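For reference, entry-v1.cif is printed below; it contains mmCIF, N, CA and C atoms.
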data_my_file
loop_
_atom_site.label_atom_id
_atom_site.label_comp_id
_atom_site.auth_asym_id
_atom_site.auth_seq_id
_atom_site.Cartn_x
_atom_site.Cartn_y
_atom_site.Cartn_z
N GLN A 1 -4.70 25.52 -14.06
CA GLN A 1 -4.47 24.93 -12.75
C GLN A 1 -5.64 25.27 -11.84
N VAL A 2 -6.34 24.24 -11.39
CA VAL A 2 -7.49 24.46 -10.52
C VAL A 2 -7.01 24.72 -9.10
N GLN A 3 -7.57 25.72 -8.47
CA GLN A 3 -7.28 26.01 -7.07
C GLN A 3 -8.51 25.69 -6.23
N LEU A 4 -8.27 25.10 -5.08
CA LEU A 4 -9.34 24.68 -4.17
C LEU A 4 -9.20 25.43 -2.86
N VAL A 5 -10.30 25.99 -2.37
CA VAL A 5 -10.29 26.72 -1.12
C VAL A 5 -11.42 26.20 -0.24
N GLU A 6 -11.03 25.53 0.85
CA GLU A 6 -12.00 24.98 1.79
C GLU A 6 -12.27 25.96 2.93
N SER A 7 -13.49 25.92 3.45
CA SER A 7 -13.85 26.78 4.58
C SER A 7 -15.00 26.16 5.34
N GLY A 8 -15.28 26.72 6.51
CA GLY A 8 -16.43 26.31 7.29
C GLY A 8 -16.14 25.45 8.50
N GLY A 9 -14.89 25.09 8.69
CA GLY A 9 -14.54 24.27 9.84
C GLY A 9 -14.60 25.06 11.14
N GLY A 10 -14.37 24.36 12.23
CA GLY A 10 -14.37 25.01 13.53
C GLY A 10 -14.43 24.00 14.66
N LEU A 11 -14.65 24.53 15.85
CA LEU A 11 -14.78 23.70 17.06
C LEU A 11 -16.27 23.53 17.35
N VAL A 12 -16.69 22.30 17.52
CA VAL A 12 -18.10 22.01 17.78
C VAL A 12 -18.19 20.89 18.81
N GLN A 13 -19.22 20.93 19.61
CA GLN A 13 -19.42 19.88 20.61
C GLN A 13 -19.98 18.61 19.95
N PRO A 14 -19.75 17.47 20.53
CA PRO A 14 -20.35 16.23 20.01
C PRO A 14 -21.86 16.39 19.86
N GLY A 15 -22.38 15.89 18.74
CA GLY A 15 -23.78 16.05 18.43
C GLY A 15 -24.11 17.28 17.62
N GLY A 16 -23.14 18.16 17.48
CA GLY A 16 -23.34 19.40 16.73
C GLY A 16 -23.22 19.23 15.23
N SER A 17 -23.33 20.36 14.53
CA SER A 17 -23.31 20.35 13.07
C SER A 17 -22.37 21.42 12.53
N LEU A 18 -21.85 21.15 11.35
CA LEU A 18 -21.07 22.11 10.59
C LEU A 18 -21.37 21.92 9.11
N ARG A 19 -21.21 23.00 8.35
CA ARG A 19 -21.32 22.91 6.91
C ARG A 19 -20.04 23.42 6.28
N LEU A 20 -19.36 22.54 5.58
CA LEU A 20 -18.12 22.89 4.90
C LEU A 20 -18.40 23.28 3.46
N SER A 21 -17.58 24.19 2.97
CA SER A 21 -17.65 24.61 1.57
C SER A 21 -16.29 24.49 0.92
N CYS A 22 -16.29 24.22 -0.36
CA CYS A 22 -15.05 24.17 -1.13
C CYS A 22 -15.30 24.85 -2.46
N ALA A 23 -14.59 25.95 -2.68
CA ALA A 23 -14.72 26.69 -3.93
C ALA A 23 -13.56 26.35 -4.84
N ALA A 24 -13.88 26.07 -6.09
CA ALA A 24 -12.87 25.71 -7.08
C ALA A 24 -12.83 26.74 -8.19
N SER A 25 -11.62 27.02 -8.65
CA SER A 25 -11.48 27.92 -9.79
C SER A 25 -11.54 27.13 -11.08
N GLY A 26 -11.87 27.78 -12.18
CA GLY A 26 -11.82 27.13 -13.49
C GLY A 26 -13.07 26.37 -13.87
N SER A 27 -13.15 26.02 -15.14
CA SER A 27 -14.35 25.39 -15.69
C SER A 27 -14.36 23.88 -15.55
N ALA A 28 -13.25 23.29 -15.12
CA ALA A 28 -13.19 21.83 -15.03
C ALA A 28 -14.03 21.28 -13.88
N PHE A 29 -14.39 22.12 -12.94
CA PHE A 29 -15.12 21.65 -11.75
C PHE A 29 -16.37 20.89 -12.14
N SER A 30 -17.18 21.45 -13.02
CA SER A 30 -18.49 20.86 -13.34
C SER A 30 -18.38 19.54 -14.09
N LEU A 31 -17.21 19.21 -14.58
CA LEU A 31 -17.03 17.99 -15.35
C LEU A 31 -16.58 16.81 -14.50
N ASN A 32 -16.27 17.07 -13.24
CA ASN A 32 -15.64 16.06 -12.41
C ASN A 32 -16.48 15.59 -11.24
N THR A 33 -16.37 14.28 -10.96
CA THR A 33 -16.87 13.78 -9.68
C THR A 33 -15.98 14.35 -8.59
N MET A 34 -16.60 14.95 -7.59
CA MET A 34 -15.85 15.59 -6.52
C MET A 34 -15.96 14.79 -5.23
N GLY A 35 -14.98 14.97 -4.38
CA GLY A 35 -14.97 14.27 -3.11
C GLY A 35 -14.53 15.14 -1.96
N TRP A 36 -14.98 14.78 -0.78
CA TRP A 36 -14.46 15.35 0.46
C TRP A 36 -13.59 14.28 1.11
N TYR A 37 -12.43 14.70 1.57
CA TYR A 37 -11.47 13.83 2.24
C TYR A 37 -11.23 14.39 3.64
N ARG A 38 -10.64 13.56 4.49
CA ARG A 38 -10.21 14.06 5.79
C ARG A 38 -8.95 13.34 6.21
N GLN A 39 -8.17 14.03 7.02
CA GLN A 39 -6.94 13.46 7.56
C GLN A 39 -6.83 13.81 9.03
N ALA A 40 -6.89 12.80 9.85
CA ALA A 40 -6.73 12.97 11.29
C ALA A 40 -5.25 12.86 11.64
N PRO A 41 -4.84 13.43 12.77
CA PRO A 41 -3.43 13.36 13.17
C PRO A 41 -2.91 11.94 13.22
N GLY A 42 -1.80 11.70 12.56
CA GLY A 42 -1.19 10.39 12.58
C GLY A 42 -1.84 9.36 11.69
N LYS A 43 -2.82 9.78 10.91
CA LYS A 43 -3.53 8.84 10.04
C LYS A 43 -3.44 9.27 8.59
N GLN A 44 -3.72 8.32 7.70
CA GLN A 44 -3.71 8.64 6.28
C GLN A 44 -4.99 9.38 5.89
N ARG A 45 -4.88 10.13 4.84
CA ARG A 45 -6.05 10.83 4.32
C ARG A 45 -7.05 9.79 3.80
N GLU A 46 -8.33 10.00 4.10
CA GLU A 46 -9.36 9.07 3.64
C GLU A 46 -10.47 9.82 2.93
N LEU A 47 -11.07 9.11 1.97
CA LEU A 47 -12.17 9.68 1.20
C LEU A 47 -13.47 9.49 1.97
N VAL A 48 -14.16 10.58 2.24
CA VAL A 48 -15.35 10.55 3.09
C VAL A 48 -16.63 10.47 2.27
N ALA A 49 -16.68 11.23 1.18
CA ALA A 49 -17.90 11.28 0.37
C ALA A 49 -17.57 11.72 -1.04
N THR A 50 -18.36 11.25 -1.99
CA THR A 50 -18.21 11.68 -3.39
C THR A 50 -19.56 12.06 -3.97
N ILE A 51 -19.51 12.89 -5.01
CA ILE A 51 -20.72 13.28 -5.72
C ILE A 51 -20.37 13.40 -7.20
N THR A 52 -21.21 12.82 -8.04
CA THR A 52 -20.95 12.85 -9.47
C THR A 52 -21.09 14.27 -10.04
N SER A 53 -20.64 14.45 -11.26
CA SER A 53 -20.59 15.79 -11.84
C SER A 53 -21.96 16.47 -11.88
N SER A 54 -23.01 15.70 -12.12
CA SER A 54 -24.35 16.26 -12.17
C SER A 54 -25.00 16.36 -10.80
N GLY A 55 -24.38 15.72 -9.83
CA GLY A 55 -24.96 15.68 -8.49
C GLY A 55 -25.98 14.57 -8.29
N GLY A 56 -26.11 13.71 -9.29
CA GLY A 56 -27.15 12.71 -9.23
C GLY A 56 -26.85 11.49 -8.39
N ARG A 57 -25.58 11.28 -8.08
CA ARG A 57 -25.21 10.10 -7.29
C ARG A 57 -24.18 10.48 -6.25
N THR A 58 -24.37 9.97 -5.06
CA THR A 58 -23.43 10.23 -3.97
C THR A 58 -23.03 8.92 -3.32
N ASN A 59 -21.86 8.92 -2.70
CA ASN A 59 -21.38 7.77 -1.94
C ASN A 59 -20.70 8.26 -0.68
N TYR A 60 -20.77 7.42 0.37
CA TYR A 60 -20.24 7.84 1.67
C TYR A 60 -19.44 6.71 2.31
N LEU A 61 -18.46 7.13 3.08
CA LEU A 61 -17.76 6.23 3.98
C LEU A 61 -18.80 5.68 4.97
N ASP A 62 -18.69 4.40 5.28
CA ASP A 62 -19.69 3.80 6.16
C ASP A 62 -19.87 4.55 7.48
N SER A 63 -18.78 5.04 8.02
CA SER A 63 -18.83 5.66 9.35
C SER A 63 -19.56 7.01 9.35
N VAL A 64 -19.82 7.58 8.17
CA VAL A 64 -20.51 8.88 8.12
C VAL A 64 -21.89 8.78 7.48
N LYS A 65 -22.25 7.61 7.00
CA LYS A 65 -23.57 7.44 6.36
C LYS A 65 -24.68 7.82 7.33
N GLY A 66 -25.64 8.59 6.81
CA GLY A 66 -26.76 9.02 7.64
C GLY A 66 -26.48 10.26 8.45
N ARG A 67 -25.22 10.69 8.49
CA ARG A 67 -24.85 11.89 9.25
C ARG A 67 -24.34 13.02 8.36
N PHE A 68 -23.62 12.65 7.30
CA PHE A 68 -23.04 13.64 6.38
C PHE A 68 -23.81 13.64 5.07
N THR A 69 -23.88 14.82 4.45
CA THR A 69 -24.51 14.95 3.13
C THR A 69 -23.63 15.82 2.24
N ILE A 70 -23.25 15.28 1.10
CA ILE A 70 -22.46 16.03 0.13
C ILE A 70 -23.39 16.59 -0.93
N SER A 71 -23.11 17.80 -1.36
CA SER A 71 -23.90 18.43 -2.42
C SER A 71 -22.99 19.36 -3.21
N ARG A 72 -23.50 19.86 -4.33
CA ARG A 72 -22.68 20.76 -5.15
C ARG A 72 -23.56 21.76 -5.87
N ASP A 73 -22.94 22.88 -6.22
CA ASP A 73 -23.57 23.91 -7.03
C ASP A 73 -22.60 24.24 -8.15
N ASN A 74 -22.85 23.69 -9.32
CA ASN A 74 -21.92 23.88 -10.43
C ASN A 74 -21.89 25.32 -10.92
N ALA A 75 -22.95 26.04 -10.74
CA ALA A 75 -22.96 27.45 -11.13
C ALA A 75 -22.01 28.28 -10.27
N LYS A 76 -21.77 27.79 -9.05
CA LYS A 76 -20.87 28.49 -8.14
C LYS A 76 -19.53 27.80 -8.00
N ASN A 77 -19.33 26.71 -8.75
CA ASN A 77 -18.08 25.95 -8.64
C ASN A 77 -17.79 25.57 -7.18
N THR A 78 -18.81 25.13 -6.48
CA THR A 78 -18.66 24.87 -5.05
C THR A 78 -19.26 23.51 -4.69
N VAL A 79 -18.55 22.80 -3.83
CA VAL A 79 -19.06 21.56 -3.27
C VAL A 79 -19.17 21.74 -1.75
N TYR A 80 -20.21 21.14 -1.18
CA TYR A 80 -20.51 21.32 0.24
C TYR A 80 -20.50 19.97 0.96
N LEU A 81 -20.28 20.03 2.26
CA LEU A 81 -20.43 18.86 3.10
C LEU A 81 -21.17 19.28 4.37
N GLN A 82 -22.41 18.85 4.48
CA GLN A 82 -23.19 19.08 5.68
C GLN A 82 -22.93 17.95 6.65
N MET A 83 -22.44 18.29 7.82
CA MET A 83 -22.08 17.28 8.81
C MET A 83 -22.95 17.44 10.05
N ASN A 84 -23.74 16.44 10.34
CA ASN A 84 -24.61 16.45 11.52
C ASN A 84 -24.19 15.35 12.49
N SER A 85 -24.69 15.44 13.70
CA SER A 85 -24.40 14.43 14.73
C SER A 85 -22.91 14.13 14.80
N LEU A 86 -22.14 15.18 14.86
CA LEU A 86 -20.68 15.01 14.83
C LEU A 86 -20.17 14.28 16.06
N LYS A 87 -19.11 13.49 15.85
CA LYS A 87 -18.49 12.69 16.90
C LYS A 87 -17.03 13.10 17.05
N PRO A 88 -16.43 12.85 18.18
CA PRO A 88 -15.01 13.18 18.35
C PRO A 88 -14.12 12.53 17.28
N GLU A 89 -14.49 11.36 16.82
CA GLU A 89 -13.69 10.69 15.80
C GLU A 89 -13.80 11.34 14.42
N ASP A 90 -14.67 12.34 14.28
CA ASP A 90 -14.73 13.11 13.03
C ASP A 90 -13.68 14.22 13.00
N THR A 91 -12.99 14.42 14.10
CA THR A 91 -11.97 15.45 14.16
C THR A 91 -10.86 15.18 13.15
N ALA A 92 -10.61 16.17 12.29
CA ALA A 92 -9.63 16.01 11.22
C ALA A 92 -9.55 17.32 10.45
N VAL A 93 -8.56 17.39 9.57
CA VAL A 93 -8.55 18.44 8.55
C VAL A 93 -9.30 17.90 7.34
N TYR A 94 -10.25 18.67 6.85
CA TYR A 94 -11.08 18.25 5.73
C TYR A 94 -10.66 18.98 4.46
N TYR A 95 -10.57 18.21 3.39
CA TYR A 95 -10.15 18.72 2.09
C TYR A 95 -11.18 18.29 1.02
N CYS A 96 -11.21 19.04 -0.07
CA CYS A 96 -11.95 18.58 -1.23
C CYS A 96 -10.98 18.39 -2.39
N ASN A 97 -11.37 17.56 -3.33
CA ASN A 97 -10.60 17.33 -4.53
C ASN A 97 -11.47 16.49 -5.47
N THR A 98 -10.97 16.15 -6.62
CA THR A 98 -11.70 15.24 -7.47
C THR A 98 -11.71 13.85 -6.84
N GLN A 99 -12.48 12.98 -7.37
CA GLN A 99 -12.60 11.61 -6.85
C GLN A 99 -11.24 10.94 -6.79
N TRP A 100 -10.34 11.29 -7.69
CA TRP A 100 -9.01 10.66 -7.74
C TRP A 100 -7.93 11.57 -7.19
N GLY A 101 -8.29 12.70 -6.65
CA GLY A 101 -7.31 13.58 -6.04
C GLY A 101 -6.29 14.12 -7.03
N ILE A 102 -6.73 14.46 -8.23
CA ILE A 102 -5.79 14.83 -9.28
C ILE A 102 -5.36 16.30 -9.25
N TRP A 103 -6.09 17.12 -8.51
CA TRP A 103 -5.72 18.54 -8.46
C TRP A 103 -4.83 18.82 -7.25
N SER A 104 -4.17 19.96 -7.28
CA SER A 104 -3.36 20.35 -6.13
C SER A 104 -4.26 20.53 -4.91
N TRP A 105 -3.80 20.06 -3.78
CA TRP A 105 -4.59 20.12 -2.57
C TRP A 105 -4.63 21.55 -2.02
N GLY A 106 -5.79 21.92 -1.49
CA GLY A 106 -5.91 23.19 -0.80
C GLY A 106 -5.35 23.11 0.60
N GLN A 107 -5.62 24.14 1.38
CA GLN A 107 -5.08 24.17 2.75
C GLN A 107 -5.93 23.36 3.72
N GLY A 108 -7.13 23.01 3.29
CA GLY A 108 -8.03 22.28 4.16
C GLY A 108 -8.69 23.17 5.19
N THR A 109 -9.64 22.59 5.91
CA THR A 109 -10.30 23.30 7.00
C THR A 109 -10.40 22.37 8.19
N GLN A 110 -9.99 22.86 9.35
CA GLN A 110 -9.91 22.04 10.56
C GLN A 110 -11.29 21.89 11.19
N VAL A 111 -11.65 20.66 11.47
CA VAL A 111 -12.87 20.35 12.22
C VAL A 111 -12.46 19.66 13.50
N THR A 112 -12.87 20.25 14.62
CA THR A 112 -12.56 19.68 15.93
C THR A 112 -13.86 19.45 16.68
N VAL A 113 -14.09 18.20 17.07
CA VAL A 113 -15.31 17.84 17.79
C VAL A 113 -14.90 17.48 19.22
N SER A 114 -15.28 18.33 20.15
CA SER A 114 -14.82 18.14 21.52
C SER A 114 -15.67 18.98 22.45
N TYR A 115 -15.72 18.56 23.72
CA TYR A 115 -16.42 19.37 24.75
C TYR A 115 -15.52 20.51 25.17
#
So that I can check it, write out the structure of this file as structure tokens.
Amino acid sequence: QVQLVESGGGLVQPGGSLRLSCAASGSAFSLNTMGWYRQAPGKQRELVATITSSGGRTNYLDSVKGRFTISRDNAKNTVYLQMNSLKPEDTAVYYCNTQWGIWSWGQGTQVTVSY
């Protein structure tokens, strides 16, 4: 059973930056395309970014293209999300999981963008 632990969230002003981390247990991490998701209050969870198992290909939600960067370190079983030029509409709880969300969800990390 893979466990996911997200961290790095916080309160940041519009235009600021945060770097999220997600550590996964077990050897299955390096075999899977990973994704970062987010869920804002009253909204459904949405897939924000994905990265293939080797890290060679990434994809982004249109609204975050050019601002967010997903990366991974398979030696550390960790996937990252660098978020720049943050906007109030980026406020949400952020989660990581496989591209298809097949593992148990972690607790997420809260990102709040506000003055």
Fill in the blank from the handout: Shortest contact to Asp73 of chain A, candidates A:Thr109, A:Ser30, A:Ser7, A:Gln1, atoms counted all atoms listed in the file, goes to A:Ser30
Practice task
Determine the residue membership of the PyMOL selection byres (((chain A and resi 92 and name CA) around 6) and name CA) for the file above and supply it as a PyMOL selection string.
Solution key: chain A and resi 38-40+91+93+111
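The spacing separating atom CA of Ser71 of chain A from atom N of Trp105 of chain A amounts to 20.2 Å.
Distance-wise, atom N of Ser21 of chain A and atom N of Gly42 of chain A end up 22.3 Å apart.
Reported to one decimal place, the separation of atom CA of Gly16 of chain A from atom CA of Trp100 of chain A is 29.7 Å.
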Exercise for the section: Starting from the shown file, work through the PyMOL selection byres ((chain A and resi 69) around 6.5) and note down what comes out as a PyMOL selection string. Expected result: chain A and resi 67-68+70-71+80-84
Exercise for the section: Step one, run DSSP on the backbone; step two, keep only residues of segment 26-109 of chain A assigned to strand (DSSP E or B); then write them as a PyMOL selection string. Expected result: chain A and resi 34-39+46-51+58-60+68-73+78-83+92-98+109
Fill in the blank from the handout: Using all atoms listed in the file, the residue out of A:Pro88, A:Trp103, A:Cys22, A:Thr50 with shortest distance to Tyr115 of chain A is A:Pro88
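Minimum atom-to-atom distances from A:Ser104, A:Trp36, A:Leu61, A:Val79 to Gln3 of chain A were compared using all atoms listed in the file, and the lowest value belongs to A:Ser104.
With all atoms listed in the file as the atoms that count, the minimum distance from Ile51 of chain A to the choices A:Gly10, A:Gln99, A:Asn77, A:Glu89 is reached by A:Gln99.
Minimum atom-to-atom distances from A:Lys76, A:Lys65, A:Leu18, A:Asn97 to Thr33 of chain A were compared using all atoms listed in the file, and the lowest value belongs to A:Asn97.
Of the residues under consideration (A:Ala49, A:Cys96, A:Leu31, A:Val5), A:Leu31 shows the shortest atom-to-atom contact distance to Asn74 of chain A when counting only N, CA and C atoms.
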Starting from the displayed file, determine the output of the PyMOL selection byres ((chain A and resi 25) around 6) and express the residue list as a PDB file with N, CA and C atoms, in the frame of the given file.
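Below is the file that was written, result30.pdb:
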ATOM      1  N   VAL A   2      -6.340  24.240 -11.390  1.00  0.00           N
ATOM      2  CA  VAL A   2      -7.490  24.460 -10.520  1.00  0.00           C
ATOM      3  C   VAL A   2      -7.010  24.720  -9.100  1.00  0.00           C
ATOM      4  N   GLN A   3      -7.570  25.720  -8.470  1.00  0.00           N
ATOM      5  CA  GLN A   3      -7.280  26.010  -7.070  1.00  0.00           C
ATOM      6  C   GLN A   3      -8.510  25.690  -6.230  1.00  0.00           C
ATOM      7  N   LEU A   4      -8.270  25.100  -5.080  1.00  0.00           N
ATOM      8  CA  LEU A   4      -9.340  24.680  -4.170  1.00  0.00           C
ATOM      9  C   LEU A   4      -9.200  25.430  -2.860  1.00  0.00           C
ATOM     10  N   ALA A  23     -14.590  25.950  -2.680  1.00  0.00           N
ATOM     11  CA  ALA A  23     -14.720  26.690  -3.930  1.00  0.00           C
ATOM     12  C   ALA A  23     -13.560  26.350  -4.840  1.00  0.00           C
ATOM     13  N   ALA A  24     -13.880  26.070  -6.090  1.00  0.00           N
ATOM     14  CA  ALA A  24     -12.870  25.710  -7.080  1.00  0.00           C
ATOM     15  C   ALA A  24     -12.830  26.740  -8.190  1.00  0.00           C
ATOM     16  N   GLY A  26     -11.870  27.780 -12.180  1.00  0.00           N
ATOM     17  CA  GLY A  26     -11.820  27.130 -13.490  1.00  0.00           C
ATOM     18  C   GLY A  26     -13.070  26.370 -13.870  1.00  0.00           C
ATOM     19  N   SER A  27     -13.150  26.020 -15.140  1.00  0.00           N
ATOM     20  CA  SER A  27     -14.350  25.390 -15.690  1.00  0.00           C
ATOM     21  C   SER A  27     -14.360  23.880 -15.550  1.00  0.00           C
ATOM     22  N   ALA A  28     -13.250  23.290 -15.120  1.00  0.00           N
ATOM     23  CA  ALA A  28     -13.190  21.830 -15.030  1.00  0.00           C
ATOM     24  C   ALA A  28     -14.030  21.280 -13.880  1.00  0.00           C
TER      25      ALA A  28
END
Exercise for the section: Could you pull out the residues in segment 17-112 of chain A that DSSP calls helix (DSSP H, G or I) from the backbone, as number ranges by chain? Expected result: A: 27-31, 62-64, 74-76, 88-90
For N, CA and C atoms, I'd like the residues from the last selection saved as a PDB file, in the frame of the given file.
ATOM      1  N   SER A  27     -13.150  26.020 -15.140  1.00  0.00           N
ATOM      2  CA  SER A  27     -14.350  25.390 -15.690  1.00  0.00           C
ATOM      3  C   SER A  27     -14.360  23.880 -15.550  1.00  0.00           C
ATOM      4  N   ALA A  28     -13.250  23.290 -15.120  1.00  0.00           N
ATOM      5  CA  ALA A  28     -13.190  21.830 -15.030  1.00  0.00           C
ATOM      6  C   ALA A  28     -14.030  21.280 -13.880  1.00  0.00           C
ATOM      7  N   PHE A  29     -14.390  22.120 -12.940  1.00  0.00           N
ATOM      8  CA  PHE A  29     -15.120  21.650 -11.750  1.00  0.00           C
ATOM      9  C   PHE A  29     -16.370  20.890 -12.140  1.00  0.00           C
ATOM     10  N   SER A  30     -17.180  21.450 -13.020  1.00  0.00           N
ATOM     11  CA  SER A  30     -18.490  20.860 -13.340  1.00  0.00           C
ATOM     12  C   SER A  30     -18.380  19.540 -14.090  1.00  0.00           C
ATOM     13  N   LEU A  31     -17.210  19.210 -14.580  1.00  0.00           N
ATOM     14  CA  LEU A  31     -17.030  17.990 -15.350  1.00  0.00           C
ATOM     15  C   LEU A  31     -16.580  16.810 -14.500  1.00  0.00           C
ATOM     16  N   ASP A  62     -18.690   4.400   5.280  1.00  0.00           N
ATOM     17  CA  ASP A  62     -19.690   3.800   6.160  1.00  0.00           C
ATOM     18  C   ASP A  62     -19.870   4.550   7.480  1.00  0.00           C
ATOM     19  N   SER A  63     -18.780   5.040   8.020  1.00  0.00           N
ATOM     20  CA  SER A  63     -18.830   5.660   9.350  1.00  0.00           C
ATOM     21  C   SER A  63     -19.560   7.010   9.350  1.00  0.00           C
ATOM     22  N   VAL A  64     -19.820   7.580   8.170  1.00  0.00           N
ATOM     23  CA  VAL A  64     -20.510   8.880   8.120  1.00  0.00           C
ATOM     24  C   VAL A  64     -21.890   8.780   7.480  1.00  0.00           C
ATOM     25  N   ASN A  74     -22.850  23.690  -9.320  1.00  0.00           N
ATOM     26  CA  ASN A  74     -21.920  23.880 -10.430  1.00  0.00           C
ATOM     27  C   ASN A  74     -21.890  25.320 -10.920  1.00  0.00           C
ATOM     28  N   ALA A  75     -22.950  26.040 -10.740  1.00  0.00           N
ATOM     29  CA  ALA A  75     -22.960  27.450 -11.130  1.00  0.00           C
ATOM     30  C   ALA A  75     -22.010  28.280 -10.270  1.00  0.00           C
ATOM     31  N   LYS A  76     -21.770  27.790  -9.050  1.00  0.00           N
ATOM     32  CA  LYS A  76     -20.870  28.490  -8.140  1.00  0.00           C
ATOM     33  C   LYS A  76     -19.530  27.800  -8.000  1.00  0.00           C
ATOM     34  N   PRO A  88     -16.430  12.850  18.180  1.00  0.00           N
ATOM     35  CA  PRO A  88     -15.010  13.180  18.350  1.00  0.00           C
ATOM     36  C   PRO A  88     -14.120  12.530  17.280  1.00  0.00           C
ATOM     37  N   GLU A  89     -14.490  11.360  16.820  1.00  0.00           N
ATOM     38  CA  GLU A  89     -13.690  10.690  15.800  1.00  0.00           C
ATOM     39  C   GLU A  89     -13.800  11.340  14.420  1.00  0.00           C
ATOM     40  N   ASP A  90     -14.670  12.340  14.280  1.00  0.00           N
ATOM     41  CA  ASP A  90     -14.730  13.110  13.030  1.00  0.00           C
ATOM     42  C   ASP A  90     -13.680  14.220  13.000  1.00  0.00           C
TER      43      ASP A  90
END
Exercise for the section: Pick out the residues sitting within 7 Å of Val113 of chain A, and hand them over as JSON, numbers by chain; count only C-alpha atoms, and ignore anything fewer than 5 positions along from it in its own chain. Expected result: {"A": [11, 12, 13, 14, 86, 87, 88, 90, 91]}
Emit the selected residues as a PDB file, in the coordinates of the input, including N, CA and C atoms.
ATOM      1  N   LEU A  11     -14.650  24.530  15.850  1.00  0.00           N
ATOM      2  CA  LEU A  11     -14.780  23.700  17.060  1.00  0.00           C
ATOM      3  C   LEU A  11     -16.270  23.530  17.350  1.00  0.00           C
ATOM      4  N   VAL A  12     -16.690  22.300  17.520  1.00  0.00           N
ATOM      5  CA  VAL A  12     -18.100  22.010  17.780  1.00  0.00           C
ATOM      6  C   VAL A  12     -18.190  20.890  18.810  1.00  0.00           C
ATOM      7  N   GLN A  13     -19.220  20.930  19.610  1.00  0.00           N
ATOM      8  CA  GLN A  13     -19.420  19.880  20.610  1.00  0.00           C
ATOM      9  C   GLN A  13     -19.980  18.610  19.950  1.00  0.00           C
ATOM     10  N   PRO A  14     -19.750  17.470  20.530  1.00  0.00           N
ATOM     11  CA  PRO A  14     -20.350  16.230  20.010  1.00  0.00           C
ATOM     12  C   PRO A  14     -21.860  16.390  19.860  1.00  0.00           C
ATOM     13  N   LEU A  86     -22.140  15.180  14.860  1.00  0.00           N
ATOM     14  CA  LEU A  86     -20.680  15.010  14.830  1.00  0.00           C
ATOM     15  C   LEU A  86     -20.170  14.280  16.060  1.00  0.00           C
ATOM     16  N   LYS A  87     -19.110  13.490  15.850  1.00  0.00           N
ATOM     17  CA  LYS A  87     -18.490  12.690  16.900  1.00  0.00           C
ATOM     18  C   LYS A  87     -17.030  13.100  17.050  1.00  0.00           C
ATOM     19  N   PRO A  88     -16.430  12.850  18.180  1.00  0.00           N
ATOM     20  CA  PRO A  88     -15.010  13.180  18.350  1.00  0.00           C
ATOM     21  C   PRO A  88     -14.120  12.530  17.280  1.00  0.00           C
ATOM     22  N   ASP A  90     -14.670  12.340  14.280  1.00  0.00           N
ATOM     23  CA  ASP A  90     -14.730  13.110  13.030  1.00  0.00           C
ATOM     24  C   ASP A  90     -13.680  14.220  13.000  1.00  0.00           C
ATOM     25  N   THR A  91     -12.990  14.420  14.100  1.00  0.00           N
ATOM     26  CA  THR A  91     -11.970  15.450  14.160  1.00  0.00           C
ATOM     27  C   THR A  91     -10.860  15.180  13.150  1.00  0.00           C
TER      28      THR A  91
END
